[in-house]
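**Student:** Supplied structure: query-v9.cif, mmCIF, C-alpha atoms.
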data_work
#
loop_
_atom_site.group_PDB
_atom_site.id
_atom_site.type_symbol
_atom_site.label_atom_id
_atom_site.label_comp_id
_atom_site.auth_asym_id
_atom_site.auth_seq_id
_atom_site.Cartn_x
_atom_site.Cartn_y
_atom_site.Cartn_z
ATOM 1 C CA MET A 1 -24.434 10.496 8.009
ATOM 2 C CA THR A 2 -21.264 9.220 9.579
ATOM 3 C CA LYS A 3 -18.026 8.722 7.704
ATOM 4 C CA LEU A 4 -18.393 4.956 8.005
ATOM 5 C CA LEU A 5 -21.791 5.049 6.306
ATOM 6 C CA GLN A 6 -20.456 7.303 3.558
ATOM 7 C CA TRP A 7 -17.630 4.892 2.849
ATOM 8 C CA LEU A 8 -19.881 1.855 2.986
ATOM 9 C CA LEU A 9 -22.319 3.549 0.589
ATOM 10 C CA GLY A 10 -19.550 4.477 -1.861
ATOM 11 C CA VAL A 11 -17.988 1.026 -1.724
ATOM 12 C CA SER A 12 -21.311 -0.743 -2.170
ATOM 13 C CA ILE A 13 -22.257 1.456 -5.152
ATOM 14 C CA LEU A 14 -18.911 0.701 -6.788
ATOM 15 C CA GLY A 15 -19.287 -2.978 -5.936
ATOM 16 C CA VAL A 16 -22.751 -3.163 -7.487
ATOM 17 C CA ALA A 17 -21.535 -1.387 -10.630
ATOM 18 C CA TRP A 18 -18.594 -3.786 -10.818
ATOM 19 C CA GLY A 19 -20.847 -6.796 -10.382
ATOM 20 C CA ILE A 20 -23.281 -5.580 -13.049
ATOM 21 C CA VAL A 21 -20.509 -5.125 -15.604
ATOM 22 C CA THR A 22 -18.551 -8.247 -14.701
ATOM 23 C CA PHE A 23 -21.356 -10.784 -14.361
ATOM 24 C CA ASP A 24 -23.622 -9.042 -16.906
ATOM 25 C CA ILE A 25 -26.598 -9.210 -14.529
ATOM 26 C CA LEU A 26 -28.807 -6.756 -16.426
ATOM 27 C CA ASP A 27 -27.947 -8.284 -19.811
ATOM 28 C CA LEU A 28 -26.659 -4.966 -21.157
ATOM 29 C CA ARG A 29 -24.836 -6.468 -24.144
ATOM 30 C CA LEU A 30 -21.712 -4.473 -23.354
ATOM 31 C CA PRO A 31 -18.714 -4.930 -25.623
ATOM 32 C CA HIS A 32 -16.505 -7.798 -24.534
ATOM 33 C CA VAL A 33 -13.609 -5.385 -23.918
ATOM 34 C CA TYR A 34 -15.520 -3.742 -21.046
ATOM 35 C CA LYS A 35 -15.791 -7.040 -19.257
ATOM 36 C CA GLU A 36 -12.115 -7.762 -19.843
ATOM 37 C CA VAL A 37 -11.159 -4.444 -18.241
ATOM 38 C CA ALA A 38 -13.716 -4.706 -15.447
ATOM 39 C CA TRP A 39 -13.092 -8.113 -13.934
ATOM 40 C CA PRO A 40 -9.594 -7.496 -12.499
ATOM 41 C CA MET A 41 -10.634 -4.061 -11.133
ATOM 42 C CA PRO A 42 -10.672 -4.932 -7.394
ATOM 43 C CA VAL A 43 -7.173 -6.393 -7.599
ATOM 44 C CA TYR A 44 -6.077 -3.513 -9.794
ATOM 45 C CA LEU A 45 -7.302 -0.943 -7.274
ATOM 46 C CA LEU A 46 -5.547 -2.846 -4.493
ATOM 47 C CA VAL A 47 -2.274 -2.859 -6.455
ATOM 48 C CA VAL A 48 -2.617 0.863 -7.193
ATOM 49 C CA PHE A 49 -3.204 1.575 -3.517
ATOM 50 C CA GLY A 50 -0.122 -0.497 -2.669
ATOM 51 C CA CYS A 51 1.976 1.421 -5.193
ATOM 52 C CA TYR A 52 0.778 4.725 -3.760
ATOM 53 C CA SER A 53 1.591 3.637 -0.209
ATOM 54 C CA LEU A 54 5.047 2.392 -1.212
ATOM 55 C CA ALA A 55 5.788 5.633 -3.061
ATOM 56 C CA THR A 56 4.651 7.703 -0.078
ATOM 57 C CA VAL A 57 6.886 5.741 2.295
ATOM 58 C CA GLY A 58 9.826 6.037 -0.120
ATOM 59 C CA TYR A 59 9.330 9.767 -0.591
ATOM 60 C CA ARG A 60 9.161 10.372 3.155
ATOM 61 C CA VAL A 61 12.303 8.276 3.686
ATOM 62 C CA ALA A 62 14.155 10.304 1.047
ATOM 63 C CA THR A 63 13.106 13.680 2.458
ATOM 64 C CA PHE A 64 13.312 12.917 6.160
ATOM 65 C CA ASN A 65 14.483 15.979 8.077
ATOM 66 C CA ASP A 66 16.019 16.831 11.420
ATOM 67 C CA CYS A 67 14.072 19.295 13.563
ATOM 68 C CA GLU A 68 16.925 21.294 15.070
ATOM 69 C CA GLU A 69 14.762 24.165 16.323
ATOM 70 C CA ALA A 70 12.446 21.731 18.066
ATOM 71 C CA ALA A 71 15.414 19.842 19.571
ATOM 72 C CA LYS A 72 16.803 23.071 21.062
ATOM 73 C CA GLU A 73 13.415 24.038 22.413
ATOM 74 C CA LEU A 74 12.903 20.620 23.978
ATOM 75 C CA GLN A 75 16.348 20.629 25.576
ATOM 76 C CA ALA A 76 15.710 24.106 26.981
ATOM 77 C CA GLN A 77 12.445 22.877 28.456
ATOM 78 C CA ILE A 78 14.160 19.835 29.998
ATOM 79 C CA GLN A 79 16.765 22.106 31.563
ATOM 80 C CA GLU A 80 14.044 24.393 32.885
ATOM 81 C CA ALA A 81 12.193 21.455 34.395
ATOM 82 C CA LYS A 82 15.370 20.154 36.041
ATOM 83 C CA ASP A 83 16.148 23.569 37.563
ATOM 84 C CA ASP A 84 12.606 23.869 38.813
ATOM 85 C CA LEU A 85 12.680 20.422 40.403
ATOM 86 C CA LYS A 86 16.045 21.115 42.006
ATOM 87 C CA ARG A 87 14.688 24.316 43.526
ATOM 88 C CA LYS A 88 11.896 22.288 45.014
ATOM 89 C CA GLY A 89 14.426 19.980 46.628
ATOM 90 C CA LEU A 90 14.431 16.937 44.366
ATOM 91 C CA LYS A 91 17.815 15.256 44.114
ATOM 92 C CA MET A 92 18.766 14.495 40.516
ATOM 93 C CA MET B 93 19.002 14.938 7.683
ATOM 94 C CA ALA B 94 18.395 11.986 5.400
ATOM 95 C CA THR B 95 21.763 10.534 4.431
ATOM 96 C CA GLY B 96 22.760 9.562 0.898
ATOM 97 C CA ALA B 97 21.782 5.951 1.508
ATOM 98 C CA ASP B 98 18.365 7.010 2.819
ATOM 99 C CA GLN B 99 17.776 9.136 -0.246
ATOM 100 C CA ALA B 100 18.882 6.325 -2.559
ATOM 101 C CA VAL B 101 16.574 3.822 -0.847
ATOM 102 C CA GLY B 102 13.653 6.254 -0.760
ATOM 103 C CA MET B 103 13.971 7.258 -4.390
ATOM 104 C CA GLY B 104 14.436 3.595 -5.274
ATOM 105 C CA LEU B 105 11.120 2.782 -3.594
ATOM 106 C CA VAL B 106 9.402 5.659 -5.407
ATOM 107 C CA GLY B 107 10.863 4.596 -8.754
ATOM 108 C CA PHE B 108 9.940 0.954 -8.212
ATOM 109 C CA SER B 109 6.357 1.805 -7.343
ATOM 110 C CA ILE B 110 6.001 4.117 -10.345
ATOM 111 C CA LEU B 111 7.381 1.425 -12.670
ATOM 112 C CA LEU B 112 5.091 -1.196 -11.174
ATOM 113 C CA PHE B 113 2.081 1.114 -11.483
ATOM 114 C CA ALA B 114 2.852 1.958 -15.125
ATOM 115 C CA TYR B 115 3.462 -1.661 -16.152
ATOM 116 C CA TYR B 116 0.407 -2.985 -14.330
ATOM 117 C CA THR B 117 -1.826 -0.225 -15.708
ATOM 118 C CA VAL B 118 -0.749 -0.984 -19.262
ATOM 119 C CA TRP B 119 -1.247 -4.693 -18.593
ATOM 120 C CA VAL B 120 -4.743 -4.443 -17.113
ATOM 121 C CA ILE B 121 -6.286 -1.306 -18.651
ATOM 122 C CA VAL B 122 -4.623 -0.808 -22.019
ATOM 123 C CA LEU B 123 -4.006 -4.324 -23.332
ATOM 124 C CA PRO B 124 -7.668 -5.327 -23.858
ATOM 125 C CA PHE B 125 -7.951 -2.465 -26.349
ATOM 126 C CA VAL B 126 -4.955 -3.653 -28.369
ATOM 127 C CA ASP B 127 -5.387 -6.257 -31.098
ATOM 128 C CA SER B 128 -4.468 -9.696 -29.825
ATOM 129 C CA ASP B 129 -1.899 -10.282 -32.584
ATOM 130 C CA HIS B 130 0.027 -7.078 -31.835
ATOM 131 C CA GLU B 131 3.742 -7.065 -30.955
ATOM 132 C CA ILE B 132 3.099 -5.649 -27.459
ATOM 133 C CA HIS B 133 1.488 -8.854 -26.223
ATOM 134 C CA LYS B 134 4.892 -10.530 -26.253
ATOM 135 C CA TYR B 135 5.971 -8.427 -23.284
ATOM 136 C CA PHE B 136 3.116 -9.433 -20.978
ATOM 137 C CA LEU B 137 2.025 -12.683 -19.399
ATOM 138 C CA PRO B 138 -1.483 -14.001 -20.118
ATOM 139 C CA ARG B 139 -4.286 -12.010 -18.517
ATOM 140 C CA GLU B 140 -5.133 -14.450 -15.728
ATOM 141 C CA TYR B 141 -1.706 -13.840 -14.230
ATOM 142 C CA SER B 142 -2.557 -10.169 -13.619
ATOM 143 C CA VAL B 143 -4.719 -11.420 -10.743
ATOM 144 C CA ILE B 144 -2.851 -14.604 -9.808
ATOM 145 C CA LEU B 145 0.543 -12.946 -9.300
ATOM 146 C CA PRO B 146 -0.714 -10.214 -6.908
ATOM 147 C CA GLY B 147 -2.640 -12.935 -5.073
ATOM 148 C CA VAL B 148 0.506 -15.008 -4.627
ATOM 149 C CA ALA B 149 2.449 -11.897 -3.579
ATOM 150 C CA ALA B 150 -0.237 -11.007 -1.014
ATOM 151 C CA LEU B 151 -0.193 -14.567 0.341
ATOM 152 C CA ILE B 152 3.600 -14.499 0.749
ATOM 153 C CA LEU B 153 3.404 -11.055 2.388
ATOM 154 C CA ILE B 154 0.768 -12.208 4.879
ATOM 155 C CA LEU B 155 2.797 -15.339 5.667
ATOM 156 C CA CYS B 156 5.923 -13.219 6.277
ATOM 157 C CA ILE B 157 4.039 -10.769 8.512
ATOM 158 C CA GLY B 158 2.453 -13.646 10.419
ATOM 159 C CA THR B 159 5.806 -15.343 10.914
ATOM 160 C CA PHE B 160 7.363 -12.064 12.040
ATOM 161 C CA ILE B 161 4.612 -11.383 14.575
ATOM 162 C CA GLY B 162 4.804 -14.984 15.751
ATOM 163 C CA VAL B 163 8.578 -14.843 16.249
ATOM 164 C CA VAL B 164 8.431 -11.493 18.064
ATOM 165 C CA THR B 165 5.677 -12.559 20.443
ATOM 166 C CA TRP B 166 7.428 -15.901 21.029
ATOM 167 C CA LYS B 167 10.675 -14.173 21.952
ATOM 168 C CA ASN B 168 8.997 -11.580 24.162
ATOM 169 C CA ARG B 169 6.807 -13.947 26.107
ATOM 170 C CA LYS B 170 7.318 -13.632 29.797
ATOM 171 C CA PRO B 171 8.538 -16.743 31.548
ATOM 172 C CA LYS B 172 5.926 -17.968 33.992
ATOM 173 C CA LYS B 173 6.702 -17.431 37.603
ATOM 174 C CA VAL B 174 7.555 -20.618 39.392
ATOM 175 C CA ASP B 175 6.106 -20.557 42.875
#
Can you turn what I pasted into structure tokens?
**Tutor:**
Amino acid sequence: MTKLLQWLLGVSILGVAWGIVTFDILDLRLPHVYKEVAWPMPVYLLVVFGCYSLATVGYRVATFNDCEEAAKELQAQIQEAKDDLKRKGLKM
Amino acid sequence: MATGADQAVGMGLVGFSILLFAYYTVWVIVLPFVDSDHEIHKYFLPREYSVILPGVAALILILCIGTFIGVVTWKNRKPKKVD
């Protein structure tokens, strides 16, 4: 089973459950409160996902770091490459 | 390193999203279980708006993104070669 199928299966199960509660297809006689909570669920989940994404972006902005070790390593490698190319007769 | 301004902006974003999440959760999940004549209902708009407002916000967002993409592609278009 591919990931796509797994996701589609999960989403369709949730969607069917949502539809059953919201439109009362099976005539379950659920309390009215359930319906009240259920009908904005898709929008609610979307808003929650948006909040999570915004918080993740904000957190990463606040804790953004320099990579000084990596910068030194990269510069050393550039220097090495330049020396090597010069030895092979390339004019820089 | 992230400067002071970066940290302020980042933490501001985190705080804003947490506030929004808390308020919206109370609005959508908790309010139906509270009696309709309770004090707390004064602090929230009617229930329909919990879907209408995000819809309007999404519409505005999509319009802004579309305009942005349109402007960028318009500015970057290559002038046609005149033979």
**Student:** Under the PyMOL selection byres ((chain A) within 8 of (chain B)), which residues of this model are included? Write them out as a list in words.
**Tutor:**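 That selection, the PyMOL selection byres ((chain A) within 8 of (chain B)), comes back as Val33, Glu36, Val37, Pro40, Val43, Tyr44, Val47, Val48, Cys51, Tyr52, Leu54, Ala55, Thr56, Val57, Gly58, Tyr59, Arg60, Val61, Ala62, Thr63, Phe64, Asn65 and Asp66 of chain A.
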**Student:** Could you check how far atom CA of A:Ala17 sits from atom CA of A:Arg29, in Å to one decimal?
**Tutor:**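 Result for atom CA of A:Ala17 versus atom CA of A:Arg29: 14.8 Å, one decimal.
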**Student:** For a test of reading the model, state the distance in Å between atom CA of A:Leu85 and atom CA of A:Glu69, rounded to one decimal.
**Tutor:**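 Rounded to one decimal, the two atoms are 24.5 Å apart.
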**Student:** Could the centre and edge lengths of an axis-aligned box, enclosing all atoms of stretch 43-49 of chain A in the file with 6 Å extra on each side, be given in Å to one decimal as AutoDock Vina command-line options?
**Tutor:**
--center_x -4.8 --center_y -2.4 --center_z -6.7 --size_x 17.0 --size_y 20.0 --size_z 18.3
**Student:** Separation of atom CA of A:Trp39 and atom CA of B:Ile132, in Å?
**Tutor:**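 Between these atoms lies a distance of 21.2 Å.
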